Amino acid sequence: MIFNVIYDNQIIKQIDFETESLILNKRLSRAIKTFLILLTCCIFSVLIPVFHFILVPGLAIGSFVIAYLRYNESVVVYMKNAECPGCKSSLLDKTYFRPSNDFSFLATCQNCSSDVKYKTLR
C-alpha cells in the first residue's frame, strides 16, 4: 500500500509499505492477552498499600478499554526502511492501527520526538 509521508504539514514523499489485515482469531488473541496481563496487574495491585484504591479500579477499567482498543487494531503495517525526515533515524519496524476513514496513522521518532504522519492515497 502506498502512503504519503507528511512532515511539518507538507507531503515529503511517497513510500510503499507492506500491509497485512489481521484475521479475527489473531485480533481476539491479542485482545485477550492484553486483558489478562492488565487484570493480573489489577489483582497484584491489591497488595500495594494506599495506592490500591486508585490502581485497582483504574486497571480493572483499563483492562477492558485497552483490550477493546487492541481488538479494533485490524491492520499491520510493516515499516521496513522507514526513516524520520527530520533526523534520518529509523522508525519502528511495524505498527498496528485501526483503519479510519482516511486510512492514516502517526509515527513518532524516538530520537527527535517529531511526528510523522502516513496517509494512503485513497
# chains A, B, ... in the order shown; residues from 1 in each chain; ligands from 1

$ select_by_dssp --residues "chain A" --states "strand (DSSP E)" --output "PyMOL selection string"
chain A and resi 2-7+10-16+18-21+75-78+94-97+104-108+115-120

$ residues_around --residues "Lys33 in chain A" --least-positions-apart "3" --cutoff "12 Å" --atoms "only C-alpha atoms" --output "number ranges by chain"
A: 26-30, 36-40, 63-64, 66-68, 70-71

$ closest_residue --among "A:Ile32, A:Met79, A:Ala107, A:Leu121" --to "Gln14 in chain A" --atoms "only C-alpha atoms"
A:Leu121

$ atom_distance --atom1 "CA of Ala31 in chain A" --atom2 "CA of His52 in chain A"
24.4 Å

$ residues_around --residues "range 2-12 of chain A" --least-positions-apart "5" --cutoff "7 Å" --atoms "only C-alpha atoms" --output "number ranges by chain"
A: 17, 116-121

$ write_last_selection --atoms "C-alpha atoms" --output "mmCIF file, in the first residue's frame"
data_model
loop_
_atom_site.group_PDB
_atom_site.id
_atom_site.type_symbol
_atom_site.label_atom_id
_atom_site.label_comp_id
_atom_site.auth_asym_id
_atom_site.auth_seq_id
_atom_site.Cartn_x
_atom_site.Cartn_y
_atom_site.Cartn_z
ATOM 1 C CA PHE A 17 4.782 -0.358 2.852
ATOM 2 C CA VAL A 116 5.492 11.772 11.008
ATOM 3 C CA LYS A 117 2.047 11.136 9.544
ATOM 4 C CA TYR A 118 1.458 8.435 6.959
ATOM 5 C CA LYS A 119 -1.673 8.698 4.831
ATOM 6 C CA THR A 120 -2.817 6.462 1.979
ATOM 7 C CA LEU A 121 -3.517 7.762 -1.478
#

$ residues_around --residues "Glu73 in chain A" --least-positions-apart "6" --cutoff "8 Å" --atoms "only C-alpha atoms" --output "list in words"
Arg27, Tyr96, Phe97, Arg98 and Pro99 of chain A

$ residues_around --residues "Tyr78 in chain A" --least-positions-apart "5" --cutoff "8 Å" --atoms "only C-alpha atoms" --output "mmCIF file with C-alpha atoms, in the first residue's frame"
data_model
loop_
_atom_site.group_PDB
_atom_site.id
_atom_site.type_symbol
_atom_site.label_atom_id
_atom_site.label_comp_id
_atom_site.auth_asym_id
_atom_site.auth_seq_id
_atom_site.Cartn_x
_atom_site.Cartn_y
_atom_site.Cartn_z
ATOM 1 C CA PHE A 17 4.782 -0.358 2.852
ATOM 2 C CA GLU A 18 3.659 -3.948 3.088
ATOM 3 C CA THR A 19 0.346 -4.251 4.953
ATOM 4 C CA ASP A 93 9.657 -1.879 12.234
ATOM 5 C CA LYS A 94 5.899 -2.371 12.316
ATOM 6 C CA THR A 95 2.837 -0.710 13.726
#

$ decode --residues "range 43-63 of chain A" --atoms "C-alpha atoms" --output "mmCIF file, in the first residue's frame"
data_model
loop_
_atom_site.group_PDB
_atom_site.id
_atom_site.type_symbol
_atom_site.label_atom_id
_atom_site.label_comp_id
_atom_site.auth_asym_id
_atom_site.auth_seq_id
_atom_site.Cartn_x
_atom_site.Cartn_y
_atom_site.Cartn_z
ATOM 1 C CA ILE A 43 -5.070 -8.363 41.165
ATOM 2 C CA PHE A 44 -1.497 -7.841 42.353
ATOM 3 C CA SER A 45 -2.054 -4.117 42.898
ATOM 4 C CA VAL A 46 -4.337 -5.029 45.815
ATOM 5 C CA LEU A 47 -1.153 -5.718 47.768
ATOM 6 C CA ILE A 48 0.129 -2.141 47.424
ATOM 7 C CA PRO A 49 -0.961 -0.116 50.461
ATOM 8 C CA VAL A 50 -2.818 3.184 49.966
ATOM 9 C CA PHE A 51 -2.378 3.279 46.164
ATOM 10 C CA HIS A 52 -4.569 0.220 45.609
ATOM 11 C CA PHE A 53 -7.644 2.443 45.953
ATOM 12 C CA ILE A 54 -6.623 4.091 42.688
ATOM 13 C CA LEU A 55 -4.787 1.246 40.953
ATOM 14 C CA VAL A 56 -7.407 -1.492 41.260
ATOM 15 C CA PRO A 57 -10.317 0.424 39.678
ATOM 16 C CA GLY A 58 -8.017 2.037 37.109
ATOM 17 C CA LEU A 59 -6.510 -1.241 35.988
ATOM 18 C CA ALA A 60 -9.858 -3.041 36.085
ATOM 19 C CA ILE A 61 -11.484 -0.464 33.800
ATOM 20 C CA GLY A 62 -8.318 -0.110 31.747
ATOM 21 C CA SER A 63 -8.135 -3.839 31.093
#
